[in-house]
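Data file: model.cif. Format and content: mmCIF, C-alpha atoms.
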data_run
loop_
_atom_site.label_atom_id
_atom_site.label_comp_id
_atom_site.auth_asym_id
_atom_site.auth_seq_id
_atom_site.Cartn_x
_atom_site.Cartn_y
_atom_site.Cartn_z
CA MET G 906 0.00 0.00 0.00
CA SER G 907 1.44 3.19 -1.04
CA THR G 908 0.55 6.36 0.70
CA ASP G 909 1.42 9.51 -0.99
CA VAL G 910 1.66 12.36 1.35
CA GLN G 911 1.39 15.66 -0.31
CA ALA G 912 2.62 18.82 1.22
CA PRO G 913 -0.08 21.38 1.72
CA LYS G 914 -0.17 24.03 -0.95
CA ARG G 915 1.09 27.43 0.19
CA ARG G 916 -0.96 30.39 -0.59
CA GLY G 917 0.06 34.07 -0.42
CA PHE G 918 3.40 35.75 -0.95
CA LEU G 919 6.59 34.04 -1.96
CA PRO G 920 9.17 33.96 0.77
CA ILE G 921 11.46 36.99 0.66
CA SER G 922 14.99 36.77 1.85
CA GLY G 923 16.31 39.29 4.35
CA ARG G 924 18.76 40.57 1.74
CA ALA G 925 16.03 41.28 -0.82
CA LEU G 926 13.96 43.01 1.84
CA PHE G 927 16.93 45.20 2.84
CA PHE G 928 17.70 46.27 -0.75
CA GLY G 929 14.05 46.90 -1.53
CA GLY G 930 13.77 49.15 1.52
CA LEU G 931 16.99 50.92 0.56
CA VAL G 932 15.70 51.64 -2.95
CA LEU G 933 12.43 52.98 -1.52
CA LEU G 934 14.33 55.23 0.89
CA ILE G 935 16.53 56.59 -1.92
CA VAL G 936 13.49 57.35 -4.07
CA LEU G 937 11.73 59.14 -1.19
CA VAL G 938 14.79 61.20 -0.19
CA GLY G 939 15.54 62.04 -3.83
CA GLY G 940 11.95 63.14 -4.43
CA PHE G 941 11.98 65.31 -1.33
CA ALA G 942 15.30 66.91 -2.33
CA TRP G 943 13.98 67.55 -5.85
CA LEU G 944 10.88 69.31 -4.46
CA LEU G 945 12.94 71.26 -1.95
CA PHE G 946 15.20 72.80 -4.60
CA GLN G 947 12.58 73.63 -7.21
CA PRO G 948 12.16 77.33 -8.02
CA SER G 949 9.21 78.76 -6.18
CA LYS G 950 6.67 81.00 -7.81
CA ASP G 951 4.56 81.97 -4.86
CA THR G 952 0.91 82.78 -5.32
CA ALA G 953 0.77 83.80 -1.67
CA PRO G 954 4.27 84.10 -0.26
CA VAL G 955 4.48 83.17 3.38
CA GLY G 956 4.66 86.39 5.33
CA GLY G 957 4.45 88.75 2.37
CA ILE G 958 2.25 90.11 -0.36
CA GLY G 959 1.26 87.71 -3.12
CA ILE G 960 0.29 87.63 -6.74
CA GLY G 961 -2.77 89.74 -7.51
CA GLN G 962 -2.18 92.13 -4.61
CA ALA G 963 -1.22 95.79 -4.85
CA ALA G 964 2.51 96.38 -4.40
CA PRO G 965 3.00 98.41 -1.19
CA ASP G 966 4.34 101.87 -1.93
CA PHE G 967 7.67 103.00 -0.52
CA THR G 968 10.27 105.73 -0.71
CA LEU G 969 13.95 104.82 -0.38
CA THR G 970 17.23 106.58 -1.06
CA GLY G 971 19.14 105.71 -4.22
CA VAL G 972 22.90 105.45 -4.52
CA ASP G 973 22.83 108.93 -6.03
CA GLY G 974 21.35 110.26 -2.76
CA HIS G 975 17.92 111.05 -4.23
CA PRO G 976 14.65 109.61 -2.90
CA VAL G 977 12.85 107.11 -5.13
CA THR G 978 9.13 106.34 -4.71
CA LEU G 979 7.56 103.23 -6.20
CA SER G 980 4.23 104.91 -7.03
CA SER G 981 6.06 107.42 -9.25
CA PHE G 982 6.55 104.59 -11.74
CA ARG G 983 2.82 103.86 -12.18
CA GLY G 984 2.26 103.16 -15.87
CA HIS G 985 5.58 101.30 -16.17
CA PRO G 986 6.39 97.64 -15.65
CA VAL G 987 8.56 97.40 -12.51
CA ILE G 988 10.87 94.64 -11.31
CA ILE G 989 11.77 94.91 -7.61
CA ASN G 990 14.82 92.82 -6.74
CA PHE G 991 15.92 92.41 -3.11
CA TRP G 992 19.62 91.63 -2.71
CA ALA G 993 22.67 91.82 -0.45
CA SER G 994 26.42 91.77 -1.13
CA TYR G 995 26.95 88.58 0.90
CA CYS G 996 24.38 86.71 -1.21
CA GLN G 997 26.17 84.81 -3.99
CA PRO G 998 23.01 84.16 -6.07
CA CYS G 999 22.30 87.92 -5.85
CA GLN G 1000 25.74 88.68 -7.25
CA ASP G 1001 25.32 86.06 -9.96
CA GLU G 1002 22.04 87.52 -11.23
CA MET G 1003 23.17 91.18 -11.28
CA PRO G 1004 24.72 91.03 -14.77
CA LEU G 1005 21.55 89.36 -16.09
CA LEU G 1006 19.32 92.04 -14.57
CA ASN G 1007 21.59 94.80 -15.85
CA SER G 1008 21.66 93.53 -19.44
CA PHE G 1009 17.90 92.87 -19.34
CA TYR G 1010 17.31 96.43 -18.18
CA GLN G 1011 19.51 97.86 -20.94
CA GLU G 1012 17.62 95.75 -23.47
CA HIS G 1013 14.13 96.80 -22.27
CA GLN G 1014 14.48 100.28 -20.74
CA ALA G 1015 13.26 101.90 -23.97
CA GLU G 1016 9.98 99.99 -23.44
CA GLY G 1017 9.58 101.72 -20.06
CA LEU G 1018 10.95 98.94 -17.86
CA VAL G 1019 12.01 100.04 -14.37
CA ILE G 1020 14.22 97.83 -12.19
CA LEU G 1021 14.68 98.71 -8.54
CA GLY G 1022 17.48 96.81 -6.83
CA ILE G 1023 16.86 97.12 -3.09
CA ASN G 1024 19.79 96.30 -0.83
CA GLU G 1025 18.82 94.85 2.52
CA GLY G 1026 20.50 96.57 5.47
CA GLU G 1027 24.04 97.19 4.27
CA PRO G 1028 26.02 100.47 4.46
CA MET G 1029 25.75 102.84 1.51
CA ALA G 1030 29.51 102.42 0.84
CA THR G 1031 28.99 98.68 0.24
CA ILE G 1032 26.00 99.34 -2.00
CA ASN G 1033 27.93 101.94 -4.03
CA ASP G 1034 30.86 99.55 -4.39
CA TYR G 1035 28.62 96.85 -5.84
CA ALA G 1036 26.77 99.24 -8.13
CA GLN G 1037 30.09 100.40 -9.54
CA ARG G 1038 31.69 96.94 -9.68
CA TYR G 1039 28.80 95.48 -11.64
CA LYS G 1040 28.26 98.69 -13.67
CA ILE G 1041 24.59 98.70 -12.69
CA THR G 1042 22.51 101.06 -14.81
CA TYR G 1043 19.14 100.43 -13.14
CA GLN G 1044 18.17 102.13 -9.86
CA VAL G 1045 19.90 100.73 -6.78
CA LEU G 1046 18.25 101.64 -3.46
CA SER G 1047 19.10 101.22 0.21
CA ASP G 1048 16.84 99.73 2.86
CA PRO G 1049 19.04 100.26 5.95
CA ARG G 1050 16.25 99.55 8.47
CA TYR G 1051 14.71 96.47 6.84
CA GLU G 1052 11.45 98.34 6.21
CA PHE G 1053 9.95 95.52 4.18
CA ASN G 1054 10.20 92.71 6.72
CA SER G 1055 6.57 92.68 7.78
CA ASP G 1056 3.69 90.41 6.83
CA SER G 1057 1.92 93.20 4.93
CA SER G 1058 4.99 94.03 2.85
CA TYR G 1059 7.47 92.28 0.57
CA LYS G 1060 9.10 90.23 3.36
CA PRO G 1061 12.35 89.26 1.58
CA VAL G 1062 13.31 86.69 4.21
CA SER G 1063 15.51 84.83 1.74
CA LEU G 1064 17.56 86.56 -0.91
CA PRO G 1065 17.32 87.13 -3.75
CA ARG G 1066 13.59 87.74 -3.96
CA THR G 1067 12.11 89.41 -7.03
CA TYR G 1068 8.66 90.93 -7.52
CA PHE G 1069 7.19 91.69 -10.94
CA VAL G 1070 4.73 94.60 -10.72
CA ASP G 1071 2.49 95.56 -13.65
CA LYS G 1072 1.69 99.06 -14.91
CA GLN G 1073 -1.29 99.33 -12.52
CA GLY G 1074 0.87 98.51 -9.48
CA ILE G 1075 -0.30 94.89 -9.08
CA VAL G 1076 2.13 92.05 -8.30
CA ARG G 1077 1.98 89.53 -11.16
CA ALA G 1078 4.87 87.22 -10.24
CA VAL G 1079 7.23 86.51 -7.34
CA PHE G 1080 10.49 84.60 -7.70
CA ASN G 1081 12.42 83.35 -4.66
CA GLN G 1082 15.76 82.33 -6.17
CA GLU G 1083 18.39 83.53 -8.57
CA LEU G 1084 16.70 84.58 -11.78
CA ASN G 1085 17.47 82.82 -15.02
CA PRO G 1086 16.91 84.27 -18.52
CA ASP G 1087 13.77 82.22 -19.22
CA THR G 1088 12.04 83.12 -15.95
CA LEU G 1089 13.02 86.77 -16.26
CA GLN G 1090 11.64 87.00 -19.81
CA ALA G 1091 8.42 85.10 -18.99
CA ASP G 1092 7.67 87.13 -15.86
CA TYR G 1093 8.50 90.38 -17.66
CA GLN G 1094 5.92 89.44 -20.31
CA SER G 1095 3.31 89.16 -17.54
CA ILE G 1096 3.85 92.83 -16.56
CA SER G 1097 4.69 94.51 -19.86
CA ALA G 1098 1.36 94.15 -21.66
#
Re-express the file's structure as structure tokens.
Amino acid sequence: MSTDVQAPKRRGFLPISGRALFFGGLVLLIVLVGGFAWLLFQPSKDTAPVGGIGIGQAAPDFTLTGVDGHPVTLSSFRGHPVIINFWASYCQPCQDEMPLLNSFYQEHQAEGLVILGINEGEPMATINDYAQRYKITYQVLSDPRYEFNSDSSYKPVSLPRTYFVDKQGIVRAVFNQELNPDTLQADYQSISA
């Protein structure tokens, strides 16, 4: 008499070795960390910047002193597209974008473009040095008392920060990193019409 004993059939998942489980978890971790890092370093176009005015809001008026010693008031440029760029000498991305802003201004000033480069809290001697070193032709202004660091203002908590203001004085774009030619041209188009 022959008795065949059959092993019970296993149902469910195949057995996974500890090594396969470890490498699978490692791959998942790398994908998650990589995705987070990618999101973290993407340029930010804020529609409602944290702690500052956002797109669609009126640009708060101000009067600051230029490197030439004369007062400059934002509302005096109503009817012109205005780019407001917050910067500081210790900010490497700010330094890197200055030549781009300067050449863009020279290219579009005949169309009425106004660029206001607002230095955050540094002495006028430092501001003058940078304006001369980079041969800046647009208006460079001084904000020695950090006037804009309130929730109802521009709040440039990280530099550079650039606002694009249309001819009616409305913010149409905000950029929170070093500008690149494509972003500068696209955001200028949104305020020049």
Using only C-alpha atoms, which protein or nucleic acid residues come within 8 Å of segment 1034-1038 of chain G? Drop anything in the same chain fewer than 4 positions from it, and give the result as a list in words.
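The residues that qualify are Ser994, Ala1030 and Val1045 of chain G.
Atom CA of Thr1042 of chain G is found 7.5 Å from atom CA of Gln1011 of chain G.
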Determine the residue membership of the PyMOL selection byres ((chain G and resi 1060) around 12) for the file above and supply it as a ChimeraX atom specification.
/G:953-959,964-965,990-991,1025,1051-1059,1061-1068,1079,1081
Nearest to Thr968 of chain G by atom-to-atom distance, counting all atoms listed in the file, from G:Ile1020, G:Asp1048, G:Ile1096, G:Gln1090:
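The shortest atom-to-atom distance to Thr968 of chain G comes from G:Asp1048.
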Using all atoms listed in the file, find the one residue out of G:Cys999, G:Leu1018, G:Leu1089, G:Leu969 that sits nearest to Arg983 of chain G.
G:Leu1018
Find the residue from G:Gly971, G:Gly1022, G:Pro998, G:Pro1004 that sits nearest to Gln1082 of chain G; use only C-alpha atoms when measuring.
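Going through G:Gly971, G:Gly1022, G:Pro998, G:Pro1004 one by one, the smallest distance to Gln1082 of chain G is for G:Pro998.
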Provide the atom CA of Gln1094 of chain G to atom CA of Cys996 of chain G distance in Å, to one decimal place.
26.7 Å
